[in-house]
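Asks: Just my_file-v8.txt, nothing more (compact mmCIF, C-alpha atoms):
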# COMPACT_ATOMS: atom_id res chain seq x y z
CA MET D 1 5.98 42.19 -26.99
CA ARG D 2 6.71 40.23 -23.81
CA TYR D 3 4.56 37.78 -21.88
CA SER D 4 4.87 37.25 -18.15
CA ILE D 5 2.86 36.43 -15.06
CA ASP D 6 2.33 38.62 -12.00
CA ARG D 7 1.16 36.36 -9.18
CA THR D 8 0.49 38.99 -6.52
CA LYS D 9 -1.01 42.46 -6.86
CA ASN D 10 -2.85 42.02 -10.16
CA GLN D 11 -4.39 38.75 -9.03
CA GLN D 12 -5.62 40.23 -5.74
CA ASN D 13 -7.17 43.24 -7.47
CA ALA D 14 -8.82 41.18 -10.19
CA THR D 15 -10.72 38.93 -7.79
CA ALA D 16 -11.92 41.60 -5.39
CA ASN D 17 -15.46 42.03 -6.72
CA ILE D 18 -16.90 38.70 -7.78
CA THR D 19 -20.54 37.94 -6.97
CA THR D 20 -23.43 35.73 -7.90
CA VAL D 21 -27.05 36.73 -8.19
CA GLY D 22 -27.52 35.92 -4.51
CA ASN D 23 -24.74 38.43 -3.76
CA THR D 24 -22.55 35.61 -2.46
CA ALA D 25 -18.83 36.32 -2.62
CA LEU D 26 -17.53 34.05 -5.36
CA GLU D 27 -14.01 34.21 -3.99
CA GLN D 28 -15.02 32.16 -0.95
CA PRO D 29 -13.90 28.51 -1.02
CA MET D 30 -16.64 26.12 -2.03
CA ARG D 31 -16.83 22.40 -1.35
CA LEU D 32 -18.28 20.41 -4.21
CA GLU D 33 -21.08 17.98 -3.52
CA ALA D 34 -21.26 14.73 -5.45
CA LEU D 35 -21.71 15.48 -9.15
CA LYS D 36 -25.14 14.27 -10.22
CA ASP D 37 -25.17 12.87 -13.75
CA ASP D 38 -28.63 13.57 -15.18
CA GLY D 39 -28.01 11.46 -18.29
CA THR D 40 -27.63 14.45 -20.61
CA ASP D 41 -24.64 14.62 -22.92
CA TYR D 42 -23.34 18.16 -22.44
CA GLN D 43 -20.43 17.48 -24.82
CA ALA D 44 -17.91 18.96 -22.40
CA TYR D 45 -15.14 17.16 -24.30
CA TRP D 46 -15.03 19.91 -26.98
CA GLY D 47 -12.60 22.79 -26.62
CA THR D 48 -14.05 26.04 -25.32
CA LYS D 49 -12.05 28.46 -27.50
CA ILE D 50 -13.40 27.23 -30.85
CA GLN D 51 -16.35 24.89 -31.31
CA CYS D 52 -17.17 24.72 -34.99
CA ILE D 53 -18.33 21.08 -34.84
CA THR D 54 -20.83 19.28 -32.62
CA ARG D 55 -22.14 15.75 -32.17
CA GLY D 56 -25.75 14.90 -33.10
CA GLU D 57 -27.70 11.68 -32.61
CA HIS D 58 -26.15 9.84 -35.56
CA GLY D 59 -23.34 12.03 -36.85
CA TYR D 60 -21.60 15.39 -36.65
CA TYR D 61 -22.70 18.88 -37.66
CA TYR D 62 -20.26 21.62 -38.58
CA LEU D 63 -19.95 24.95 -40.35
CA THR D 64 -17.60 25.18 -43.30
CA PRO D 65 -14.21 26.57 -42.14
CA GLU D 66 -14.24 29.34 -44.75
CA GLU D 67 -16.99 31.74 -45.81
CA PRO D 68 -19.58 31.62 -47.20
CA LEU D 69 -20.84 29.49 -44.33
CA TYR D 70 -22.80 26.31 -44.96
CA LEU D 71 -24.18 23.97 -42.34
CA MET D 72 -22.79 20.50 -43.01
CA TYR D 73 -23.60 17.00 -41.76
CA TRP D 74 -20.95 14.28 -41.55
CA ASP D 75 -22.10 10.70 -41.23
CA ASP D 76 -19.48 8.84 -39.24
CA ASP D 77 -20.59 5.49 -40.70
CA THR D 78 -20.13 6.48 -44.35
CA GLN D 79 -17.53 9.18 -43.47
CA GLU D 80 -19.10 11.51 -46.01
CA SER D 81 -20.33 15.10 -45.66
CA ILE D 82 -23.42 16.72 -47.15
CA LYS D 83 -24.87 20.22 -46.99
CA LEU D 84 -27.80 20.07 -44.58
CA CYS D 85 -30.57 20.74 -47.09
CA ALA D 86 -33.25 18.41 -48.40
CA LYS D 87 -34.91 20.88 -50.78
CA ALA D 88 -35.77 19.40 -54.13
CA ASP D 89 -33.82 20.89 -57.07
CA CYS D 90 -31.59 22.95 -54.74
CA ASN D 91 -28.09 23.60 -56.06
CA HIS D 92 -26.82 24.26 -52.51
CA ASP D 93 -24.81 27.28 -53.63
CA ASN D 94 -26.87 30.35 -52.64
CA ALA D 95 -29.04 31.92 -49.94
CA ALA D 96 -32.09 29.86 -50.94
CA CYS D 97 -30.39 26.73 -49.64
CA ASN D 98 -31.46 25.57 -46.16
CA ALA D 99 -27.81 24.97 -45.32
CA TYR D 100 -26.69 28.52 -46.21
CA PHE D 101 -25.68 30.71 -43.28
CA GLY D 102 -24.13 33.56 -45.20
CA ASP D 103 -20.94 35.44 -45.77
CA VAL D 104 -20.54 37.81 -42.84
CA ARG D 105 -18.08 39.96 -44.80
CA TYR D 106 -20.92 41.08 -47.08
CA TYR D 107 -23.72 41.13 -44.53
CA ASP D 108 -26.02 44.11 -45.09
CA ARG D 109 -27.85 45.05 -41.91
CA THR D 110 -30.23 47.30 -43.85
CA ALA D 111 -31.43 44.48 -46.08
CA GLN D 112 -34.31 42.29 -44.97
CA ALA D 113 -32.24 39.16 -45.36
CA ALA D 114 -32.10 36.04 -43.23
CA GLU D 115 -29.87 36.38 -40.20
CA TYR D 116 -26.42 34.96 -40.87
CA ALA D 117 -24.30 32.93 -38.51
CA SER D 118 -21.92 35.36 -36.80
CA GLY D 119 -19.04 32.88 -36.63
CA PHE D 120 -18.20 29.23 -36.52
CA GLN D 121 -19.69 28.28 -33.14
CA ILE D 122 -22.25 25.46 -33.27
CA TYR D 123 -23.89 23.42 -30.52
CA TYR D 124 -26.27 20.45 -30.25
CA TYR D 125 -28.62 20.11 -27.29
CA ASN D 126 -31.81 18.08 -26.74
CA GLY D 127 -32.47 17.39 -30.41
CA PHE D 128 -31.71 20.83 -31.87
CA LEU D 129 -28.74 22.75 -33.24
CA TYR D 130 -27.93 26.21 -31.92
CA LEU D 131 -25.93 29.01 -33.54
CA LEU D 132 -25.35 32.71 -32.89
CA GLY D 133 -26.63 35.19 -35.46
CA THR D 134 -25.43 38.50 -36.86
CA GLU D 135 -28.30 40.33 -35.16
CA GLY D 136 -27.26 38.94 -31.78
CA ASN D 137 -29.93 36.26 -31.65
CA LEU D 138 -29.71 32.66 -30.52
CA ILE D 139 -30.86 30.62 -33.53
CA GLN D 140 -32.38 27.17 -33.16
CA VAL D 141 -32.10 24.86 -36.18
CA SER D 142 -33.89 21.54 -36.70
CA PRO D 143 -31.55 18.55 -37.16
CA ASP D 144 -32.51 18.23 -40.85
CA GLY D 145 -31.89 21.93 -41.47
CA SER D 146 -35.42 22.64 -42.67
CA GLU D 147 -36.48 24.98 -39.84
CA ARG D 148 -34.82 27.96 -38.18
CA LYS D 149 -36.17 29.81 -35.18
CA LYS D 150 -34.89 32.95 -33.46
CA ILE D 151 -35.11 32.32 -29.71
CA THR D 152 -34.03 35.64 -28.21
CA LYS D 153 -31.27 38.22 -28.39
CA VAL D 154 -28.35 37.10 -26.22
CA TYR D 155 -25.47 39.45 -27.17
CA ASP D 156 -24.47 42.49 -29.22
CA TYR D 157 -22.71 41.58 -32.46
CA ASP D 158 -20.07 44.10 -33.55
CA GLY D 159 -18.40 42.25 -36.42
CA THR D 160 -16.64 39.70 -34.24
CA SER D 161 -17.94 37.36 -31.60
CA ASN D 162 -16.30 35.82 -28.58
CA THR D 163 -19.69 34.86 -27.20
CA LYS D 164 -19.91 31.22 -26.09
CA LEU D 165 -22.76 28.99 -24.95
CA VAL D 166 -23.37 26.25 -22.37
CA PHE D 167 -26.68 24.39 -21.97
CA TYR D 168 -28.53 23.00 -18.96
CA GLU D 169 -32.19 22.04 -18.35
CA ASN D 170 -33.77 23.86 -21.29
CA ALA D 171 -31.73 26.99 -20.78
CA VAL D 172 -28.60 28.45 -22.34
CA TYR D 173 -25.84 30.14 -20.35
CA VAL D 174 -24.11 32.91 -22.32
CA TYR D 175 -20.74 34.54 -21.70
CA ASN D 176 -18.03 36.45 -23.56
CA SER D 177 -14.74 34.55 -23.36
CA ALA D 178 -12.61 37.61 -24.22
CA GLY D 179 -14.27 39.81 -21.61
CA ASN D 180 -12.74 43.26 -21.36
CA GLN D 181 -9.12 42.09 -21.39
CA GLY D 182 -6.80 44.93 -22.38
CA SER D 183 -9.21 47.61 -21.17
CA SER D 184 -8.28 50.16 -18.49
CA GLU D 185 -11.88 50.63 -17.36
CA GLU D 186 -13.90 48.51 -14.96
CA HIS D 187 -16.54 46.32 -16.52
CA THR D 188 -18.96 43.67 -15.27
CA GLU D 189 -18.32 40.28 -16.82
CA THR D 190 -21.27 37.92 -16.62
CA ILE D 191 -22.74 34.49 -17.22
CA THR D 192 -26.40 35.00 -18.12
CA ARG D 193 -29.11 32.34 -18.22
CA TYR D 194 -31.77 32.50 -20.97
CA THR D 195 -34.62 30.00 -21.12
CA LEU D 196 -34.94 28.30 -24.50
CA ASP D 197 -38.53 29.47 -24.83
CA GLY D 198 -37.15 33.02 -24.89
CA LYS D 199 -39.34 34.16 -22.00
CA SER D 200 -36.87 34.90 -19.23
CA GLN D 201 -33.27 35.72 -18.45
CA GLU D 202 -31.12 36.31 -15.36
CA ARG D 203 -27.47 36.85 -14.53
CA VAL D 204 -26.13 33.97 -12.48
CA VAL D 205 -22.51 35.16 -12.15
CA GLU D 206 -21.11 38.70 -12.16
CA TRP D 207 -17.48 39.79 -11.94
CA ASN D 208 -16.55 43.46 -11.65
CA THR D 209 -13.07 43.65 -13.10
CA VAL D 210 -10.57 45.75 -15.03
CA SER D 211 -9.15 43.81 -17.98
CA GLY D 212 -10.57 40.39 -17.05
CA ALA D 213 -12.58 37.56 -18.55
CA ILE D 214 -14.78 34.65 -17.55
CA HIS D 215 -13.92 31.76 -19.84
CA SER D 216 -13.68 27.98 -20.34
CA VAL D 217 -17.22 27.40 -19.05
CA LYS D 218 -18.33 23.74 -19.04
CA ASN D 219 -21.28 21.89 -17.56
CA TYR D 220 -21.03 18.55 -15.79
CA GLY D 221 -24.26 17.24 -14.26
CA ASN D 222 -25.71 19.76 -11.85
CA THR D 223 -22.58 21.92 -11.77
CA MET D 224 -21.21 24.56 -14.14
CA PHE D 225 -17.45 25.18 -13.93
CA PHE D 226 -15.52 28.21 -15.18
CA LEU D 227 -12.16 29.99 -15.07
CA LEU D 228 -11.24 33.63 -14.48
CA SER D 229 -8.22 35.39 -15.93
CA GLY D 230 -6.83 38.89 -16.20
CA LEU D 231 -4.56 40.77 -18.59
CA THR D 232 -2.44 43.85 -17.92
CA ILE D 233 -0.67 45.64 -20.80
CA ASN D 234 2.28 47.89 -19.94
CA LYS D 235 4.33 49.86 -22.47
CA ASN D 236 8.10 50.01 -22.13
CA GLU D 237 11.19 50.63 -24.24
CA SER D 238 10.86 47.19 -25.86
CA GLY D 239 7.24 47.71 -26.87
CA GLN D 240 4.53 46.14 -24.75
CA GLU D 241 4.56 43.70 -21.86
CA TRP D 242 1.48 41.54 -21.47
CA THR D 243 0.91 40.15 -17.99
CA TYR D 244 -1.62 37.34 -17.68
CA THR D 245 -3.08 36.22 -14.38
CA TYR D 246 -4.94 32.96 -13.86
CA GLN D 247 -7.26 33.03 -10.88
CA GLY D 248 -8.34 29.42 -10.30
CA LEU D 249 -11.29 27.10 -10.93
CA TYR D 250 -14.79 28.14 -9.89
CA ALA D 251 -18.15 26.37 -9.87
CA TYR D 252 -21.84 27.29 -9.92
CA ASN D 253 -24.43 24.89 -8.45
CA HIS D 254 -27.61 24.97 -10.52
CA GLN D 255 -29.78 23.74 -7.64
CA THR D 256 -28.60 26.11 -4.91
CA GLY D 257 -27.56 29.05 -7.07
CA GLN D 258 -24.33 29.29 -5.06
CA SER D 259 -20.84 29.74 -6.49
CA GLY D 260 -17.32 29.59 -5.13
CA LYS D 261 -13.69 28.78 -5.76
CA ILE D 262 -12.92 25.07 -6.00
CA ILE D 263 -9.17 25.10 -6.69
CA ASP D 264 -6.81 27.97 -5.99
CA ALA D 265 -4.12 27.62 -8.66
CA GLU D 266 -3.04 29.28 -11.93
CA ILE D 267 -5.26 27.08 -14.06
CA THR D 268 -5.27 27.45 -17.84
CA SER D 269 -7.68 24.57 -18.56
CA TYR D 270 -9.45 21.66 -16.87
CA ALA D 271 -11.66 18.60 -17.37
CA VAL D 272 -13.91 16.68 -14.98
CA ASP D 273 -14.26 12.92 -14.54
CA GLU D 274 -17.79 12.58 -13.15
CA GLU D 275 -17.58 8.83 -12.52
CA GLN D 276 -14.38 8.98 -10.47
CA GLU D 277 -15.26 12.42 -9.04
CA GLN D 278 -11.95 13.91 -10.06
CA ILE D 279 -10.91 17.18 -11.69
CA TYR D 280 -7.88 17.28 -13.97
CA TYR D 281 -6.33 20.69 -14.44
CA PHE D 282 -3.31 22.26 -16.08
CA ALA D 283 -1.32 24.77 -14.02
CA TYR D 284 0.50 27.55 -15.87
CA ALA D 285 4.17 26.78 -16.66
CA ASP D 286 3.95 23.76 -14.38
CA GLY D 287 1.99 20.72 -15.49
CA LEU D 288 -1.02 18.47 -15.11
CA TYR D 289 -2.67 17.80 -11.74
CA VAL D 290 -5.61 15.74 -10.51
CA TYR D 291 -7.90 16.92 -7.69
CA ASP D 292 -10.03 14.42 -5.78
CA ILE D 293 -13.44 15.96 -5.09
CA LYS D 294 -14.16 13.69 -2.09
CA THR D 295 -10.82 14.06 -0.27
CA GLU D 296 -9.87 17.50 -1.67
CA GLN D 297 -6.35 16.16 -2.22
CA THR D 298 -4.20 17.07 -5.24
CA ARG D 299 -1.49 15.07 -7.04
CA LYS D 300 0.80 16.09 -9.88
CA LEU D 301 0.62 13.74 -12.86
CA TYR D 302 2.74 15.33 -15.59
CA ASP D 303 5.53 17.89 -15.78
CA ALA D 304 4.90 19.97 -18.89
CA GLY D 305 8.35 21.45 -19.39
CA LYS D 306 9.02 24.33 -21.78
CA GLU D 307 7.04 22.86 -24.67
CA MET D 308 3.68 23.26 -22.96
CA GLY D 309 3.54 26.17 -20.52
CA ILE D 310 -0.13 26.76 -21.38
CA ALA D 311 -2.40 23.88 -22.37
CA GLU D 312 -6.00 23.51 -23.41
CA MET D 313 -7.37 20.18 -22.24
CA SER D 314 -10.05 17.63 -22.90
CA TYR D 315 -11.15 14.31 -21.40
CA ASP D 316 -13.22 11.72 -23.28
CA GLY D 317 -13.74 9.20 -20.49
CA LYS D 318 -10.58 7.28 -21.38
CA TYR D 319 -7.77 9.63 -22.42
CA LEU D 320 -6.63 13.11 -21.41
CA TYR D 321 -5.59 15.56 -24.13
CA LEU D 322 -3.21 18.53 -23.76
CA TYR D 323 -2.88 20.97 -26.67
CA ASN D 324 -0.09 23.57 -26.65
CA GLY D 325 -1.23 25.83 -29.51
CA GLU D 326 -1.73 28.95 -27.39
CA TRP D 327 1.71 28.48 -25.82
CA VAL D 328 3.38 28.16 -29.21
CA SER D 329 1.60 31.29 -30.44
CA TYR D 330 3.04 33.27 -27.54
CA ALA D 331 6.49 31.71 -27.69
CA TYR D 332 7.75 33.45 -30.82
CA ARG D 333 7.46 37.17 -31.52
CA ARG D 334 9.49 39.41 -33.76
CA CYS D 335 12.31 41.35 -32.19
CA LYS D 336 11.81 45.13 -32.37
CA GLY D 337 14.10 46.55 -35.07
CA CYS D 338 15.17 43.25 -36.60
CA ASN D 339 13.72 40.50 -38.72
CA ARG D 340 14.80 37.42 -36.83
CA ARG D 341 12.28 35.45 -34.83
CA VAL D 342 13.10 35.37 -31.17
CA GLN D 343 11.70 33.68 -28.13
CA SER D 344 9.51 35.90 -25.97
CA ARG D 345 9.99 35.91 -22.24
CA ILE D 346 6.86 34.06 -21.12
CA TYR D 347 8.25 33.25 -17.72
CA SER D 348 11.49 34.24 -16.05
CA GLU D 349 13.38 30.98 -16.57
CA TRP D 350 13.27 31.41 -20.34
CA VAL D 351 15.89 33.20 -22.41
CA SER D 352 15.66 36.99 -22.00
CA TYR D 353 13.55 38.71 -24.60
CA ALA D 354 15.45 39.94 -27.68
CA LYS D 355 18.86 39.32 -26.09
CA SER D 356 19.70 35.75 -26.97
CA ASN D 357 20.53 33.98 -30.19
CA GLU D 358 19.10 30.74 -28.82
CA LYS D 359 16.18 29.48 -30.84
CA THR D 360 14.13 26.70 -29.32
CA GLU D 361 11.90 25.09 -31.91
CA LEU D 362 8.39 24.73 -30.55
CA THR D 363 5.78 22.87 -32.56
CA ARG D 364 2.05 22.60 -32.13
CA LYS D 365 1.05 19.23 -30.79
CA CYS D 366 -1.61 17.44 -28.81
CA ALA D 367 -0.33 15.04 -26.15
CA VAL D 368 -2.56 12.05 -25.43
CA LEU D 369 -2.19 10.83 -21.85
CA ALA D 370 -3.49 8.01 -19.70
CA THR D 371 -5.23 9.17 -16.52
CA ASP D 372 -2.06 8.42 -14.53
CA GLY D 373 -0.16 11.04 -16.56
CA THR D 374 1.68 8.66 -18.88
CA VAL D 375 2.11 10.14 -22.37
CA LEU D 376 0.82 7.59 -24.90
CA TYR D 377 0.87 9.55 -28.16
CA GLU D 378 1.78 12.96 -29.53
CA LEU D 379 -0.38 14.13 -32.42
CA PRO D 380 1.17 16.75 -34.75
CA ILE D 381 -0.79 19.89 -35.65
CA ASN D 382 0.41 22.17 -38.43
CA LYS D 383 1.41 25.78 -37.82
CA ALA D 384 -1.98 27.28 -38.61
CA GLY D 385 -3.97 24.48 -37.02
CA TYR D 386 -6.21 24.39 -33.99
CA MET D 387 -7.34 21.45 -31.88
CA LEU D 388 -11.09 20.95 -31.45
CA PHE D 389 -10.93 17.62 -29.55
CA GLY D 390 -13.90 15.19 -29.67
CA ASN D 391 -15.75 12.30 -28.03
CA GLN D 392 -14.59 8.70 -27.55
CA ASP D 393 -14.60 7.90 -31.29
CA TYR D 394 -12.86 10.74 -33.15
CA ILE D 395 -10.62 13.71 -32.55
CA PHE D 396 -10.92 16.81 -34.76
CA ALA D 397 -8.72 19.75 -35.67
CA GLU D 398 -8.79 22.72 -38.03
CA GLN D 399 -5.65 22.70 -40.21
CA ILE D 400 -4.27 24.22 -43.39
CA VAL D 401 -4.15 21.53 -46.08
CA ALA D 402 -3.49 21.45 -49.80
CA ASP D 403 -6.63 22.06 -51.86
CA GLY D 404 -5.73 21.81 -55.53
CA GLN D 405 -3.30 24.62 -56.34
CA LYS D 406 -3.81 26.47 -53.06
CA GLN D 407 -3.78 26.02 -49.32
CA ALA D 408 -7.10 26.07 -47.48
CA MET D 409 -8.38 25.74 -43.94
CA LYS D 410 -10.11 22.37 -43.54
CA LEU D 411 -11.60 20.29 -40.79
CA THR D 412 -9.54 17.18 -40.21
CA TYR D 413 -10.17 14.11 -38.09
CA MET D 414 -8.52 10.98 -36.78
CA LYS D 415 -10.03 7.80 -35.38
CA LYS D 416 -8.94 7.34 -31.81
CA THR D 417 -8.19 3.69 -32.50
CA GLU D 418 -5.57 4.88 -35.02
CA PHE D 419 -3.49 7.24 -32.86
CA ALA D 420 -0.40 5.10 -33.43
CA GLN D 421 -0.50 5.94 -37.15
CA GLY D 422 -0.97 9.65 -36.42
CA GLN D 423 -2.52 10.38 -39.84
CA TRP D 424 -5.10 13.16 -40.16
CA GLN D 425 -7.85 12.88 -42.79
CA VAL D 426 -9.84 15.72 -44.30
CA LEU D 427 -13.52 15.86 -43.40
CA GLU D 428 -15.27 15.89 -46.78
Show the structure stored in the file as structure tokens.
Replies:
Amino acid sequence: MRYSIDRTKNQQNATANITTVGNTALEQPMRLEALKDDGTDYQAYWGTKIQCITRGEHGYYYLTPEEPLYLMYWDDDTQESIKLCAKADCNHDNAACNAYFGDVRYYDRTAQAAEYASGFQIYYYNGFLYLLGTEGNLIQVSPDGSERKKITKVYDYDGTSNTKLVFYENAVYVYNSAGNQGSSEEHTETITRYTLDGKSQERVVEWNTVSGAIHSVKNYGNTMFFLLSGLTINKNESGQEWTYTYQGLYAYNHQTGQSGKIIDAEITSYAVDEEQEQIYYFAYADGLYVYDIKTEQTRKLYDAGKEMGIAEMSYDGKYLYLYNGEWVSYAYRRCKGCNRRVQSRIYSEWVSYAKSNEKTELTRKCAVLATDGTVLYELPINKAGYMLFGNQDYIFAEQIVADGQKQAMKLTYMKKTEFAQGQWQVLE
């Protein structure tokens, strides 16, 4: 399997039919107005690919990394976790527990059982927790775990879920981050707004595309940002060639209902500094840039090199974070007809696929940078790990760690004041 980028025909075709509800062409350039901070913490510092932990008023909520799923609460003062159940005489080990959200592998749709959580996504907004259920419903949970409420159906669950959520003014914006990538048929990808009283819904963004996805949606003040990407799969004598296209950064203004392209670049991830009115973004196989919203000028801050051709990013108000896990996953594939691991051709400057004996060791890591692009720390992540990021106090990651006589997926964390030590601790 080979990974490459086509910057011309595929990109032009993929962006041809992008509209908003007002039938405004999304591909038109859009000038951002001043970002208006409404005082709400939208927790845009979390990663958008996996969010299995969220910040509450006094601590963190998360779902156990392995099934059966339990809703947990971690007090950052005591640094101890508890199952979120205050029932008297509860053993916290079965479906009667308030913290129990099921084992999806054994979910019986014909049984009149409580709706399970469909995955590990969890969000906190305006005093409540929100999860997605196995019947496709948005589930609201009280912060003590004692009450659950089905708001409305927001997606179709088919055994897996790439559905993601973003919140703004008592509404949830729902999208599928995988889209129809890999499909040969046209499909309409959407961001849909549902009110949290369950009474109304409307599509705010539509994209008619073949093998595309709307993803990495984040809310900052009165503006919702998102990325578009496409995937083309071609078969050849070596197997399959996957061609990714990255279309740029787009924005939706909640007040005007208008959308447009903000930055025209091959952007894999981004983060917004509302105070300084700047957008940091990572350009594919290139590096980190900063875009000034007021002047519309761009500067390059960091040259990624071959260790970080794709990065997922976060910004906590002080540091920038670049995680190369997706890049590392793509970098090594097995050569057809042999057992040695070889470097895939992700872009043309790399060693040709399956023809070289060169082996460049790539490791998962998260680079911590100052806002001028200076690398301050590099945090190691193990081979099966995944960065979740975090707020100004802690950074979190899912990693395989020793658990007695076996290895198990665990949530790990590190205080941001202890980056120099670089030691992860297990959340327990």
Asks: For each of D:Lys199, D:Arg364, D:His254, D:His187, take the minimum atom-to-atom distance to D:Glu307, counting all atoms listed in the file, then give the residue where this is smallest.
Replies: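 Among D:Lys199, D:Arg364, D:His254, D:His187, it is D:Arg364 that comes nearest to D:Glu307.
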Asks: Do you know which residues are at most 9 Å from stretch 64-74 of chain D counting all atoms listed in the file, after dropping those on the same chain fewer than 5 positions away, and could you put them as a VMD selection string?
Replies: chain D and resid 52 59 79 to 85 92 to 93 97 to 105 116 to 117 119 to 120 145 398 408 to 411 427 to 428
Asks: How far is it from atom CA of D:Ala178 to atom CA of D:Tyr244, in Å with one decimal?
Replies: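 The value is 12.8 Å.
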Asks: List the neighbours of D:Lys153 out to 10 Å using all atoms listed in the file; skip same-chain residues closer than 6 positions along the sequence, and give me the result as a PyMOL selection string.
Replies: chain D and resi 132-133+135-139+194+198
Asks: What are the nearest atom pairs, with distances in Å to one decimal, for all residues of stretch 239-288 of chain D that come at most 12 Å from stretch 318-321 of chain D, using all atoms listed in the file, set out by chain and rising residue number as JSON lines?
Replies:
{"residue": "D:Ser269", "atom": "CA", "partner": "D:Tyr321", "partner_atom": "CA", "distance": 10.8}
{"residue": "D:Tyr270", "atom": "CA", "partner": "D:Leu320", "partner_atom": "CA", "distance": 10.1}
{"residue": "D:Ala271", "atom": "CA", "partner": "D:Leu320", "partner_atom": "CA", "distance": 8.5}
{"residue": "D:Val272", "atom": "CA", "partner": "D:Leu320", "partner_atom": "CA", "distance": 10.3}
{"residue": "D:Asp273", "atom": "CA", "partner": "D:Lys318", "partner_atom": "CA", "distance": 9.6}
{"residue": "D:Glu275", "atom": "CA", "partner": "D:Lys318", "partner_atom": "CA", "distance": 11.4}
{"residue": "D:Gln276", "atom": "CA", "partner": "D:Lys318", "partner_atom": "CA", "distance": 11.7}
{"residue": "D:Ile279", "atom": "CA", "partner": "D:Leu320", "partner_atom": "CA", "distance": 11.4}
{"residue": "D:Tyr280", "atom": "CA", "partner": "D:Leu320", "partner_atom": "CA", "distance": 8.6}
{"residue": "D:Tyr281", "atom": "CA", "partner": "D:Leu320", "partner_atom": "CA", "distance": 10.3}
{"residue": "D:Phe282", "atom": "CA", "partner": "D:Tyr321", "partner_atom": "CA", "distance": 10.7}
{"residue": "D:Leu288", "atom": "CA", "partner": "D:Leu320", "partner_atom": "CA", "distance": 10.0}
Asks: Go ahead and write the residues just picked, C-alpha atoms, as a short mmCIF file (atom, residue, chain, number, x, y, z; two decimals), in the coordinates of the input.
Replies:
data_model
loop_
_atom_site.label_atom_id
_atom_site.label_comp_id
_atom_site.auth_asym_id
_atom_site.auth_seq_id
_atom_site.Cartn_x
_atom_site.Cartn_y
_atom_site.Cartn_z
CA SER D 269 -7.68 24.57 -18.56
CA TYR D 270 -9.45 21.66 -16.87
CA ALA D 271 -11.66 18.60 -17.37
CA VAL D 272 -13.91 16.68 -14.98
CA ASP D 273 -14.26 12.92 -14.54
CA GLU D 275 -17.58 8.83 -12.52
CA GLN D 276 -14.38 8.98 -10.47
CA ILE D 279 -10.91 17.18 -11.69
CA TYR D 280 -7.88 17.28 -13.97
CA TYR D 281 -6.33 20.69 -14.44
CA PHE D 282 -3.31 22.26 -16.08
CA LEU D 288 -1.02 18.47 -15.11
#
